[in-house]
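Structure file upload.tsv (TSV, C-alpha atoms and all ligand atoms) follows.
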```tsv
chain	number	residue	atom	x	y	z
A	946	MET	CA	35.51	2.84	8.56
A	947	THR	CA	38.27	0.27	9.04
A	948	ASP	CA	38.97	-1.46	12.28
A	949	SER	CA	41.28	0.37	14.65
A	950	ALA	CA	42.96	-2.40	16.58
A	951	GLY	CA	45.26	-0.16	18.61
A	952	LYS	CA	42.98	2.80	19.27
A	953	GLN	CA	41.03	3.54	22.40
A	954	GLN	CA	37.33	3.25	21.61
A	955	ASN	CA	35.17	6.28	22.03
A	956	PRO	CA	32.29	5.68	24.49
A	957	GLU	CA	29.88	7.40	22.09
A	958	THR	CA	30.91	5.03	19.31
A	959	LEU	CA	30.31	2.09	21.63
A	960	ARG	CA	26.94	3.45	22.66
A	961	LEU	CA	25.78	3.87	19.05
A	962	ARG	CA	27.21	0.48	18.15
A	963	LYS	CA	25.01	-1.00	20.87
A	964	VAL	CA	22.01	0.90	19.49
A	965	ALA	CA	22.73	-0.54	16.03
A	966	LEU	CA	23.24	-4.07	17.35
A	967	GLU	CA	20.00	-3.94	19.33
A	968	ALA	CA	18.04	-2.70	16.33
A	969	ALA	CA	19.49	-5.53	14.23
A	970	GLU	CA	18.64	-8.03	16.93
A	971	ALA	CA	15.06	-6.75	16.80
A	972	GLY	CA	15.06	-7.64	13.09
A	973	LEU	CA	15.84	-4.26	11.55
A	974	PHE	CA	18.40	-3.62	8.80
A	975	VAL	CA	20.83	-0.87	9.78
A	976	PHE	CA	23.57	1.20	8.16
A	977	PRO	CA	25.79	4.12	9.24
A	978	VAL	CA	24.47	7.65	8.98
A	979	ARG	CA	26.91	10.59	9.19
A	980	GLU	CA	27.72	11.86	12.66
A	981	GLY	CA	25.19	14.35	13.97
A	982	SER	CA	23.19	14.26	10.75
A	983	LYS	CA	20.56	12.32	8.87
A	984	LEU	CA	22.58	11.67	5.71
A	985	PRO	CA	23.87	8.19	4.87
A	986	ALA	CA	27.60	7.74	5.48
A	987	PHE	CA	28.12	5.82	2.22
A	988	HIS	CA	29.05	7.49	-1.05
A	989	GLY	CA	26.15	8.21	-3.38
A	990	LYS	CA	25.61	6.85	-6.87
A	991	ASN	CA	27.10	9.93	-8.51
A	992	ASP	CA	30.35	9.60	-6.55
A	993	CYS	CA	30.69	5.88	-7.17
A	994	LYS	CA	34.15	4.78	-8.34
A	995	GLY	CA	33.04	1.19	-8.94
A	996	ARG	CA	35.49	-0.26	-6.42
A	997	GLY	CA	35.19	-2.54	-3.40
A	998	VAL	CA	31.57	-3.45	-2.65
A	999	CYS	CA	30.57	-1.51	-5.78
A	1000	ALA	CA	32.86	-3.51	-8.13
A	1001	ASP	CA	29.81	-5.12	-9.75
A	1002	GLY	CA	27.69	-1.99	-9.66
A	1003	HIS	CA	26.92	0.67	-7.09
A	1004	GLN	CA	25.58	-0.50	-3.75
A	1005	GLY	CA	23.63	2.13	-1.89
A	1006	TRP	CA	22.58	2.23	1.78
A	1007	GLU	CA	19.49	0.13	1.07
A	1008	GLN	CA	21.55	-2.70	-0.46
A	1009	ARG	CA	24.28	-2.46	2.16
A	1010	SER	CA	22.02	-2.27	5.21
A	1011	THR	CA	22.43	-5.36	7.35
A	1012	ARG	CA	21.49	-7.34	10.46
A	1013	ASP	CA	24.93	-8.98	10.59
A	1014	PRO	CA	26.52	-8.19	13.99
A	1015	GLU	CA	30.05	-8.62	12.62
A	1016	GLN	CA	29.47	-6.06	9.91
A	1017	ILE	CA	27.86	-3.71	12.44
A	1018	ARG	CA	30.87	-4.01	14.77
A	1019	ARG	CA	33.18	-3.20	11.87
A	1020	TRP	CA	31.15	-0.16	10.85
A	1021	TRP	CA	30.85	1.20	14.40
A	1022	SER	CA	34.48	0.67	15.38
A	1023	GLN	CA	35.90	4.24	15.17
A	1024	THR	CA	33.22	6.71	14.29
A	1025	PRO	CA	30.05	7.46	16.27
A	1026	TRP	CA	27.79	7.10	13.23
A	1027	ASN	CA	24.11	7.64	13.74
A	1028	VAL	CA	21.98	4.55	13.12
A	1029	GLY	CA	20.06	4.43	9.85
A	1030	ILE	CA	17.20	1.95	9.55
A	1031	ALA	CA	16.38	0.86	5.99
A	1032	CYS	CA	12.59	0.50	5.88
A	1033	GLY	CA	12.25	-1.72	2.78
A	1034	PRO	CA	14.57	-4.57	3.85
A	1035	SER	CA	13.23	-4.26	7.43
A	1036	ARG	CA	9.64	-4.65	6.13
A	1037	LEU	CA	8.70	-1.42	7.88
A	1038	LEU	CA	6.38	1.38	7.01
A	1039	VAL	CA	7.19	4.42	9.12
A	1040	ILE	CA	4.74	7.29	9.37
A	1041	ASP	CA	6.72	10.49	9.64
A	1042	LEU	CA	4.82	13.25	11.43
A	1043	ASP	CA	6.12	16.74	11.22
A	1044	VAL	CA	5.29	17.85	14.73
A	1045	LEU	CA	4.72	15.96	17.93
A	1046	PRO	CA	4.17	17.32	21.40
A	1047	GLU	CA	6.72	16.92	24.17
A	1048	ARG	CA	8.34	13.58	24.86
A	1049	GLY	CA	7.35	10.90	27.27
A	1050	VAL	CA	3.60	11.41	26.96
A	1051	GLU	CA	0.92	8.74	26.91
A	1052	TRP	CA	-0.06	7.22	23.58
A	1053	LYS	CA	-3.51	8.79	23.56
A	1054	ASP	CA	-2.05	12.21	24.37
A	1055	LEU	CA	0.52	11.72	21.68
A	1056	ALA	CA	-2.27	11.08	19.20
A	1057	LYS	CA	-3.89	14.40	20.05
A	1058	GLY	CA	-0.91	16.09	18.50
A	1059	TRP	CA	-1.62	14.76	15.05
A	1060	PRO	CA	-4.69	16.52	13.76
A	1061	VAL	CA	-4.13	15.35	10.19
A	1062	LEU	CA	-3.61	11.69	10.95
A	1063	ASP	CA	-6.43	11.78	13.47
A	1064	ARG	CA	-8.86	13.26	10.98
A	1065	VAL	CA	-7.91	10.75	8.30
A	1066	ALA	CA	-8.35	7.87	10.74
A	1067	ALA	CA	-11.72	9.22	11.87
A	1068	ALA	CA	-12.83	9.48	8.25
A	1069	HIS	CA	-12.12	5.74	7.94
A	1070	GLY	CA	-13.95	4.96	11.16
A	1071	ALA	CA	-10.60	3.81	12.55
A	1072	GLN	CA	-8.01	4.68	15.16
A	1073	ILE	CA	-4.25	4.86	14.92
A	1074	PRO	CA	-3.01	1.67	16.59
A	1075	ALA	CA	-0.46	2.36	19.34
A	1076	THR	CA	2.92	1.16	18.15
A	1077	TYR	CA	6.64	1.70	18.74
A	1078	ALA	CA	7.27	5.41	18.16
A	1079	VAL	CA	10.27	7.74	18.18
A	1080	THR	CA	10.49	11.52	18.59
A	1081	THR	CA	13.02	13.33	16.44
A	1082	PRO	CA	15.29	16.18	17.62
A	1083	SER	CA	13.13	18.69	15.75
A	1084	GLY	CA	9.98	17.53	17.55
A	1085	GLY	CA	8.62	15.33	14.77
A	1086	GLY	CA	7.58	11.75	15.26
A	1087	HIS	CA	8.11	8.38	13.62
A	1088	LEU	CA	5.46	5.69	14.04
A	1089	TYR	CA	6.79	2.27	13.12
A	1090	TYR	CA	4.48	-0.30	11.49
A	1091	ARG	CA	5.12	-3.69	9.94
A	1092	MET	CA	4.42	-3.96	6.25
A	1093	PRO	CA	1.97	-6.81	5.64
A	1094	ASP	CA	3.26	-9.74	3.58
A	1095	GLY	CA	2.60	-9.42	-0.10
A	1096	LEU	CA	2.45	-5.63	-0.01
A	1097	GLU	CA	5.21	-3.43	-1.46
A	1098	LEU	CA	4.78	0.22	-0.64
A	1099	ARG	CA	7.21	3.01	-1.41
A	1100	ASN	CA	7.75	6.39	0.25
A	1101	THR	CA	4.96	8.92	0.06
A	1102	GLN	CA	5.18	12.64	0.55
A	1103	GLY	CA	2.58	14.56	2.54
A	1104	GLY	CA	-0.24	15.91	0.42
A	1105	VAL	CA	1.09	14.43	-2.84
A	1106	GLY	CA	-0.48	11.48	-4.68
A	1107	HIS	CA	-1.40	8.53	-2.49
A	1108	SER	CA	-0.29	10.05	0.77
A	1109	ILE	CA	-2.08	10.30	4.08
A	1110	GLY	CA	-2.28	14.08	4.06
A	1111	PRO	CA	-0.27	17.26	4.52
A	1112	LEU	CA	2.58	17.10	7.09
A	1113	VAL	CA	2.47	13.30	7.03
A	1114	ASP	CA	5.11	11.46	4.99
A	1115	THR	CA	5.68	7.73	4.94
A	1116	ARG	CA	8.95	5.84	4.59
A	1117	ALA	CA	8.89	2.35	3.13
A	1118	GLY	CA	10.79	0.76	0.22
A	1119	GLY	CA	13.51	3.20	-0.84
A	1120	GLY	CA	13.30	5.07	2.45
A	1121	PHE	CA	15.03	5.12	5.79
A	1122	VAL	CA	14.69	6.67	9.21
A	1123	VAL	CA	17.29	7.59	11.81
A	1124	GLY	CA	16.77	5.37	14.84
A	1125	ALA	CA	16.29	6.21	18.51
A	1126	GLY	CA	19.59	6.82	20.29
A	1127	SER	CA	21.05	8.75	17.35
A	1128	VAL	CA	21.98	12.40	17.87
A	1129	ARG	CA	21.84	15.68	16.01
A	1130	PRO	CA	23.04	19.08	17.22
A	1131	GLU	CA	19.44	19.90	18.26
A	1132	GLY	CA	19.11	16.81	20.41
A	1133	ARG	CA	18.60	13.10	20.47
A	1134	TYR	CA	16.16	10.71	18.77
A	1135	THR	CA	14.29	9.13	21.68
A	1136	VAL	CA	11.73	6.37	22.07
A	1137	ALA	CA	8.36	8.04	22.62
A	1138	PHE	CA	6.35	4.86	22.96
A	1139	HIS	CA	7.94	1.58	23.99
A	1140	GLY	CA	5.44	-0.69	22.28
A	1141	VAL	CA	6.06	-3.52	19.88
A	1142	ILE	CA	5.94	-2.65	16.19
A	1143	GLU	CA	2.33	-3.29	15.22
A	1144	ASP	CA	1.04	-4.41	11.83
A	1145	LEU	CA	0.09	-1.63	9.47
A	1146	PRO	CA	-3.71	-1.32	9.63
A	1147	GLY	CA	-5.52	-2.38	6.47
A	1148	TRP	CA	-7.15	0.98	5.90
A	1149	LEU	CA	-3.74	2.67	5.89
A	1150	ALA	CA	-2.28	0.04	3.57
A	1151	ASP	CA	-5.22	0.65	1.27
A	1152	LEU	CA	-4.88	4.40	1.42
A	1153	LEU	CA	-1.19	4.26	0.57
A	1154	SER	CA	-1.51	1.76	-2.29
A	1155	PRO	CA	-1.25	3.17	-5.78
A	1156	PRO	CA	-4.31	2.46	-7.96
A	1157	PRO	CA	-4.28	-0.98	-9.54
A	1158	GLN	CA	-3.09	-1.42	-13.11
A	1159	PRO	CA	-5.18	-3.59	-15.40
A	1160	GLU	CA	-3.28	-6.78	-16.12
A	1161	PRO	CA	-1.87	-7.17	-19.58
A	1162	ARG	CA	-3.84	-9.78	-21.47
A	1163	ALA	CA	-0.96	-11.19	-23.49
A	1164	VAL	CA	-2.09	-14.77	-23.10
A	1165	PRO	CA	-5.80	-14.77	-22.38
A	1166	LEU	CA	-7.03	-17.69	-20.41
A	1167	GLN	CA	-9.44	-19.51	-22.69
A	1168	LEU	CA	-11.82	-21.86	-20.98
A	1169	SER	CA	-15.10	-23.49	-21.79
A	1170	THR	CA	-18.04	-21.98	-19.91
A	1171	ARG	CA	-18.25	-24.98	-17.63
A	1172	ARG	CA	-14.56	-24.81	-16.81
A	1173	ALA	CA	-14.70	-21.02	-16.44
A	1174	ASN	CA	-17.48	-21.39	-13.86
A	1175	ALA	CA	-15.48	-24.03	-12.01
A	1176	TYR	CA	-12.45	-21.77	-12.14
A	1177	ILE	CA	-14.38	-18.85	-10.60
A	1178	ALA	CA	-15.88	-21.14	-7.97
A	1179	ALA	CA	-12.36	-22.28	-7.08
A	1180	ILE	CA	-11.22	-18.67	-6.70
A	1181	LEU	CA	-14.19	-17.97	-4.42
A	1182	ASP	CA	-13.38	-21.03	-2.29
A	1183	ALA	CA	-9.71	-20.15	-2.07
A	1184	GLU	CA	-10.35	-16.54	-1.07
A	1185	ALA	CA	-12.98	-17.56	1.47
A	1186	ASP	CA	-10.45	-20.00	2.91
A	1187	ASN	CA	-7.74	-17.35	3.09
A	1188	VAL	CA	-10.07	-14.99	4.93
A	1189	SER	CA	-11.42	-17.44	7.47
A	1190	SER	CA	-8.01	-18.93	8.28
A	1191	ALA	CA	-6.15	-15.58	8.51
A	1192	LEU	CA	-4.14	-15.17	11.69
A	1193	LYS	CA	-4.45	-12.32	14.13
A	1194	GLY	CA	-2.62	-9.31	12.76
A	1195	GLN	CA	-3.15	-10.50	9.20
A	1196	ARG	CA	-6.93	-10.63	9.20
A	1197	GLN	CA	-7.69	-7.21	7.87
A	1198	ILE	CA	-5.06	-7.18	5.15
A	1199	THR	CA	-6.06	-10.69	4.07
A	1200	LEU	CA	-9.70	-9.69	3.84
A	1201	LEU	CA	-8.72	-6.56	1.94
A	1202	ASN	CA	-6.63	-8.53	-0.56
A	1203	SER	CA	-9.36	-11.12	-1.07
A	1204	ALA	CA	-11.93	-8.38	-1.56
A	1205	ARG	CA	-9.65	-6.81	-4.16
A	1206	THR	CA	-9.29	-10.12	-6.00
A	1207	LEU	CA	-13.03	-10.68	-6.09
A	1208	GLY	CA	-13.61	-6.99	-6.87
A	1209	ARG	CA	-11.61	-7.41	-10.05
A	1210	LEU	CA	-13.90	-10.26	-11.14
A	1211	VAL	CA	-16.92	-8.12	-10.24
A	1212	GLY	CA	-15.47	-5.34	-12.40
A	1213	GLY	CA	-15.05	-7.83	-15.24
A	1214	ARG	CA	-18.70	-8.96	-14.79
A	1215	GLU	CA	-17.51	-12.46	-13.97
A	1216	LEU	CA	-18.99	-12.31	-10.53
A	1217	ASP	CA	-22.07	-10.74	-9.03
A	1218	GLU	CA	-21.18	-8.03	-6.52
A	1219	ASP	CA	-23.68	-9.10	-3.84
A	1220	ASN	CA	-22.46	-12.66	-4.18
A	1221	ALA	CA	-18.83	-11.59	-3.76
A	1222	ARG	CA	-19.65	-9.54	-0.65
A	1223	GLU	CA	-21.69	-12.34	0.84
A	1224	VAL	CA	-18.87	-14.88	0.37
A	1225	LEU	CA	-16.38	-12.51	2.01
A	1226	LEU	CA	-18.71	-11.62	4.87
A	1227	GLN	CA	-19.48	-15.28	5.57
A	1228	ALA	CA	-15.79	-16.12	5.54
A	1229	ALA	CA	-14.98	-13.25	7.90
A	1230	THR	CA	-17.75	-14.13	10.36
A	1231	VAL	CA	-15.36	-16.28	12.43
A	1232	HIS	CA	-13.32	-13.15	13.20
A	1233	ILE	CA	-16.17	-10.83	14.19
A	1234	GLY	CA	-16.07	-10.15	17.91
A	1235	VAL	CA	-12.63	-11.74	18.24
A	1236	ASP	CA	-9.69	-9.52	19.27
A	1237	GLY	CA	-11.70	-6.40	18.71
A	1238	MET	CA	-12.73	-6.97	15.10
A	1239	THR	CA	-16.20	-5.58	14.49
A	1240	ARG	CA	-18.77	-6.31	11.81
A	1241	GLY	CA	-18.62	-2.66	10.73
A	1242	GLU	CA	-14.89	-2.91	10.24
A	1243	VAL	CA	-15.31	-6.11	8.19
A	1244	GLU	CA	-17.96	-4.51	6.00
A	1245	ARG	CA	-15.91	-1.38	5.44
A	1246	THR	CA	-12.87	-3.45	4.50
A	1247	ILE	CA	-14.95	-5.45	2.01
A	1248	ASP	CA	-16.37	-2.22	0.56
A	1249	ARG	CA	-12.91	-0.76	0.10
A	1250	GLY	CA	-11.39	-3.90	-1.37
A	1251	VAL	CA	-14.21	-4.53	-3.85
A	1252	ALA	CA	-14.25	-0.87	-4.93
A	1253	TYR	CA	-10.49	-0.97	-5.42
A	1254	GLY	CA	-10.53	-4.24	-7.37
A	1255	LYS	CA	-13.30	-3.03	-9.67
A	1256	GLN	CA	-10.91	-0.40	-11.01
A	1257	ALA	CA	-8.87	-3.19	-12.60
A	1258	PRO	CA	-11.53	-5.49	-14.10
A	1259	ARG	CA	-10.56	-9.06	-14.81
A	1260	THR	CA	-12.34	-11.13	-17.39
A	1261	ILE	CA	-11.92	-14.75	-18.27
A	1262	GLU	CA	-11.90	-15.53	-21.94
A	1263	ARG	CA	-14.27	-18.20	-23.05
A	1264	ARG	CA	-14.00	-20.11	-26.29
A	1265	SER	CA	-16.29	-18.22	-28.60
A	1266	ASP	CA	-18.42	-21.22	-29.56
A	1267	GLU	CA	-19.31	-21.85	-25.95
A	1268	ARG	CA	-19.88	-18.34	-24.72
A	1269	ASP	CA	-23.35	-18.20	-23.23
A	1270	GLY	CA	-25.11	-14.91	-23.07
A	1271	GLU	CA	-23.87	-11.46	-22.14
A	1272	ASN	CA	-22.65	-12.19	-18.65
A	1273	GLY	CA	-21.42	-15.70	-19.20
A	1274	SER	CA	-20.51	-16.45	-15.59
A	1275	ARG	CA	-23.54	-18.46	-14.62
A	1276	SER	CA	-25.38	-21.32	-16.21
B	1	ZN	ZN	29.24	2.81	-5.21
```

Write the structure described by the file as structure tokens, please.
Ligand SMILES: [Zn+2]
Amino acid sequence: MTDSAGKQQNPETLRLRKVALEAAEAGLFVFPVREGSKLPAFHGKNDCKGRGVCADGHQGWEQRSTRDPEQIRRWWSQTPWNVGIACGPSRLLVIDLDVLPERGVEWKDLAKGWPVLDRVAAAHGAQIPATYAVTTPSGGGHLYYRMPDGLELRNTQGGVGHSIGPLVDTRAGGGFVVGAGSVRPEGRYTVAFHGVIEDLPGWLADLLSPPPQPEPRAVPLQLSTRRANAYIAAILDAEADNVSSALKGQRQITLLNSARTLGRLVGGRELDEDNAREVLLQAATVHIGVDGMTRGEVERTIDRGVAYGKQAPRTIERRSDERDGENGSRS
């Protein structure tokens, strides 16, 4: 992979270099994938000799992926590597569908080809938002979504654990996809839908999130009842603020996260469930009817977030002498 000053450059290498540079310019982290394949070009952990970039420990494709044009030019100087896109560093979640219909179809026709994803979306009263999509040489499809801030998802495998369903994998942290313009013996990866990369819808983020873990209570927060009530009121205010000031594209995930936070307090009997829902609904009212957000969608998001948060109850320790009654959250 060294520079070849004297050599004539292969047009295919130049073409793939351009593909890599354009992906990087669009904000994606790229790395070389072996010619005509979907395997990273770098040595794996088991073959690591601890030299060069690995002198201080093995660096895999995820660590080495880059947006640096100089590095990309060096990598794509001699060999027509395919273009790997590292999902984690790129803040992408890519839905990997096993089979898609023929290329160049309309988004809504494309969606007809995904019975599983369609059914799952319908079950959530949602649709699959049209986004940048790529067809693979074997007729599969990659739907690119942006991972919301504050969320760290890993790969999922169709039908296993917190996945979308059979035949539908997802690639996120620890995963990569081969980008459009790359080639395999069966054909080329091509752009199926030239949209922008949309934000991952909240219901999908929720579906793909592992169940919450109760927080360790190593240092319990010990407050007087009065201060505990003020503390909870401050959380309510802060979450309501987050929800009402959320920007387009972040509204659903913000509401979901706030509902999860309050749901944990509901689970810990620190907060009344109707009260929590009411606060969230009031805060979200400014968004209803704006940019297609409906009241039903808001209510479903609140339902999901509160239900999720309740699985990891959060309680606030009060000093025993001031604990008032069984609930303790109101005076
Ligand atoms: Zn290494």

**Protein and nucleic residues near ligand ZN 1 (chain B), 9 Å, only C-alpha atoms and all ligand atoms, as JSON, numbers by chain** = {"A": [987, 988, 989, 990, 991, 992, 993, 994, 995, 996, 997, 998, 999, 1000, 1002, 1003, 1004, 1005]}

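Every protein, DNA or RNA residue with an atom at most 10 Å from Gly1208 in chain A, where all atoms listed in the file count and chain neighbours fewer than 5 positions away do not, is listed here: Asn1202, Ser1203, Gly1213, Arg1214, Glu1215, Leu1216, Asp1217, Glu1218, Ala1221, Arg1222, Ile1247, Asp1248, Arg1249, Gly1250, Val1251, Ala1252, Tyr1253, Gly1254, Lys1255, Gln1256, Ala1257, Pro1258 and Arg1259 of chain A.
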
**Message:** Counting only C-alpha atoms, which residue out of A:Ala1228, A:Leu1088, A:Leu1210, A:Pro1025 sits closest to Tyr1176 in chain A?
**Reply:** A:Leu1210

**Message:** Calculated over all atoms listed in the file, which of the candidates A:Ala1067, A:Ala986, A:Val964, A:Ala1117 has the smallest distance to Leu1037 in chain A?
**Reply:**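 Residue with the minimum atom-to-atom distance to Leu1037 in chain A: A:Ala1117.
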
**Request:** In the coordinates of the file, take the point (9.1, 6.3, 18.6) and a cut-off of 10 Å; then, counting only C-alpha atoms, name each qualifying protein, DNA or RNA residue as an MDAnalysis selection string.
**Result:** chainID A and resid 1039 1048:1049 1076:1081 1085:1089 1124:1125 1134:1140 1142

Expected file contents, prior selection, C-alpha atoms, as a JSON list (two decimals), in the frame of the given file:
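The result, stored in selection.json:
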```
[["chain", "number", "residue", "atom", "x", "y", "z"],
["A", 1039, "VAL", "CA", 7.19, 4.42, 9.12],
["A", 1048, "ARG", "CA", 8.34, 13.58, 24.86],
["A", 1049, "GLY", "CA", 7.35, 10.90, 27.27],
["A", 1076, "THR", "CA", 2.92, 1.16, 18.15],
["A", 1077, "TYR", "CA", 6.64, 1.70, 18.74],
["A", 1078, "ALA", "CA", 7.27, 5.41, 18.16],
["A", 1079, "VAL", "CA", 10.27, 7.74, 18.18],
["A", 1080, "THR", "CA", 10.49, 11.52, 18.59],
["A", 1081, "THR", "CA", 13.02, 13.33, 16.44],
["A", 1085, "GLY", "CA", 8.62, 15.33, 14.77],
["A", 1086, "GLY", "CA", 7.58, 11.75, 15.26],
["A", 1087, "HIS", "CA", 8.11, 8.38, 13.62],
["A", 1088, "LEU", "CA", 5.46, 5.69, 14.04],
["A", 1089, "TYR", "CA", 6.79, 2.27, 13.12],
["A", 1124, "GLY", "CA", 16.77, 5.37, 14.84],
["A", 1125, "ALA", "CA", 16.29, 6.21, 18.51],
["A", 1134, "TYR", "CA", 16.16, 10.71, 18.77],
["A", 1135, "THR", "CA", 14.29, 9.13, 21.68],
["A", 1136, "VAL", "CA", 11.73, 6.37, 22.07],
["A", 1137, "ALA", "CA", 8.36, 8.04, 22.62],
["A", 1138, "PHE", "CA", 6.35, 4.86, 22.96],
["A", 1139, "HIS", "CA", 7.94, 1.58, 23.99],
["A", 1140, "GLY", "CA", 5.44, -0.69, 22.28],
["A", 1142, "ILE", "CA", 5.94, -2.65, 16.19]]
```

**Item:** Gap from CA of Gly981 in chain A to CA of Ala965 in chain A - Å, one decimal
**Value:**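 Taking CA of Gly981 in chain A as the start and CA of Ala965 in chain A as the end point, the length is 15.2 Å.
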
Counting only C-alpha atoms, which residues sit no farther than 7 Å from the position (-11.7, -15.1, -17.0) in the file's frame? I'd like them as a PDB file with C-alpha atoms, in the coordinates of the input.
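The file below, point.pdb, is the result:
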```pdb
ATOM      1  CA  LEU A1166      -7.030 -17.690 -20.410  1.00  0.00           C
ATOM      2  CA  ALA A1173     -14.700 -21.020 -16.440  1.00  0.00           C
ATOM      3  CA  ARG A1259     -10.560  -9.060 -14.810  1.00  0.00           C
ATOM      4  CA  THR A1260     -12.340 -11.130 -17.390  1.00  0.00           C
ATOM      5  CA  ILE A1261     -11.920 -14.750 -18.270  1.00  0.00           C
ATOM      6  CA  GLU A1262     -11.900 -15.530 -21.940  1.00  0.00           C
TER       7      GLU A1262
END
```

**Request:** Grab the CA of Arg979 in chain A to CA of Gln1008 in chain A distance for me, in Å with one decimal place.
**Result:**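 Between these atoms lies a distance of 17.3 Å.
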
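Shortest atom-to-atom contact with Ser1127 in chain A among A:Ala1183, A:Leu961, A:Met1092, A:Ile1017: A:Leu961, counting all atoms listed in the file.
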
Would you kindly place all heavy atoms on range 1061-1067 of chain A and return the model as a PDB file, keeping the file's coordinate frame?
```
ATOM      1  N   VAL A1061      -3.924  15.872  11.538  1.00  0.00           N
ATOM      2  CA  VAL A1061      -4.130  15.350  10.190  1.00  0.00           C
ATOM      3  C   VAL A1061      -4.401  13.848  10.223  1.00  0.00           C
ATOM      4  O   VAL A1061      -5.410  13.353   9.708  1.00  0.00           O
ATOM      5  CB  VAL A1061      -2.905  15.631   9.283  1.00  0.00           C
ATOM      6  CG1 VAL A1061      -3.093  14.971   7.924  1.00  0.00           C
ATOM      7  CG2 VAL A1061      -2.701  17.131   9.129  1.00  0.00           C
ATOM      8  N   LEU A1062      -3.486  13.143  10.880  1.00  0.00           N
ATOM      9  CA  LEU A1062      -3.610  11.690  10.950  1.00  0.00           C
ATOM     10  C   LEU A1062      -4.904  11.293  11.656  1.00  0.00           C
ATOM     11  O   LEU A1062      -5.606  10.375  11.243  1.00  0.00           O
ATOM     12  CB  LEU A1062      -2.387  11.142  11.691  1.00  0.00           C
ATOM     13  CG  LEU A1062      -2.145   9.646  11.614  1.00  0.00           C
ATOM     14  CD1 LEU A1062      -2.095   9.183  10.178  1.00  0.00           C
ATOM     15  CD2 LEU A1062      -0.833   9.290  12.315  1.00  0.00           C
ATOM     16  N   ASP A1063      -5.210  12.025  12.714  1.00  0.00           N
ATOM     17  CA  ASP A1063      -6.430  11.780  13.470  1.00  0.00           C
ATOM     18  C   ASP A1063      -7.677  11.926  12.602  1.00  0.00           C
ATOM     19  O   ASP A1063      -8.579  11.108  12.644  1.00  0.00           O
ATOM     20  CB  ASP A1063      -6.527  12.816  14.599  1.00  0.00           C
ATOM     21  CG  ASP A1063      -6.344  12.168  15.951  1.00  0.00           C
ATOM     22  OD1 ASP A1063      -6.143  10.941  15.990  1.00  0.00           O
ATOM     23  OD2 ASP A1063      -6.401  12.898  16.949  1.00  0.00           O
ATOM     24  N   ARG A1064      -7.696  12.993  11.830  1.00  0.00           N
ATOM     25  CA  ARG A1064      -8.860  13.260  10.980  1.00  0.00           C
ATOM     26  C   ARG A1064      -9.002  12.171   9.927  1.00  0.00           C
ATOM     27  O   ARG A1064     -10.102  11.705   9.648  1.00  0.00           O
ATOM     28  CB  ARG A1064      -8.710  14.618  10.277  1.00  0.00           C
ATOM     29  CG  ARG A1064      -9.387  15.755  11.006  1.00  0.00           C
ATOM     30  CD  ARG A1064      -9.701  16.920  10.064  1.00  0.00           C
ATOM     31  NE  ARG A1064      -8.524  17.418   9.363  1.00  0.00           N
ATOM     32  CZ  ARG A1064      -7.668  18.292   9.891  1.00  0.00           C
ATOM     33  NH1 ARG A1064      -7.834  18.754  11.108  1.00  0.00           N
ATOM     34  NH2 ARG A1064      -6.631  18.707   9.189  1.00  0.00           N
ATOM     35  N   VAL A1065      -7.868  11.774   9.343  1.00  0.00           N
ATOM     36  CA  VAL A1065      -7.910  10.750   8.300  1.00  0.00           C
ATOM     37  C   VAL A1065      -8.411   9.435   8.900  1.00  0.00           C
ATOM     38  O   VAL A1065      -9.250   8.752   8.325  1.00  0.00           O
ATOM     39  CB  VAL A1065      -6.506  10.560   7.663  1.00  0.00           C
ATOM     40  CG1 VAL A1065      -6.499   9.388   6.707  1.00  0.00           C
ATOM     41  CG2 VAL A1065      -6.098  11.833   6.932  1.00  0.00           C
ATOM     42  N   ALA A1066      -7.918   9.106  10.081  1.00  0.00           N
ATOM     43  CA  ALA A1066      -8.350   7.870  10.740  1.00  0.00           C
ATOM     44  C   ALA A1066      -9.839   7.934  11.020  1.00  0.00           C
ATOM     45  O   ALA A1066     -10.586   6.990  10.743  1.00  0.00           O
ATOM     46  CB  ALA A1066      -7.573   7.663  12.033  1.00  0.00           C
ATOM     47  N   ALA A1067     -10.297   9.065  11.537  1.00  0.00           N
ATOM     48  CA  ALA A1067     -11.720   9.220  11.870  1.00  0.00           C
ATOM     49  C   ALA A1067     -12.578   9.051  10.629  1.00  0.00           C
ATOM     50  O   ALA A1067     -13.634   8.424  10.661  1.00  0.00           O
ATOM     51  CB  ALA A1067     -11.956  10.579  12.524  1.00  0.00           C
TER      52      ALA A1067
END
```
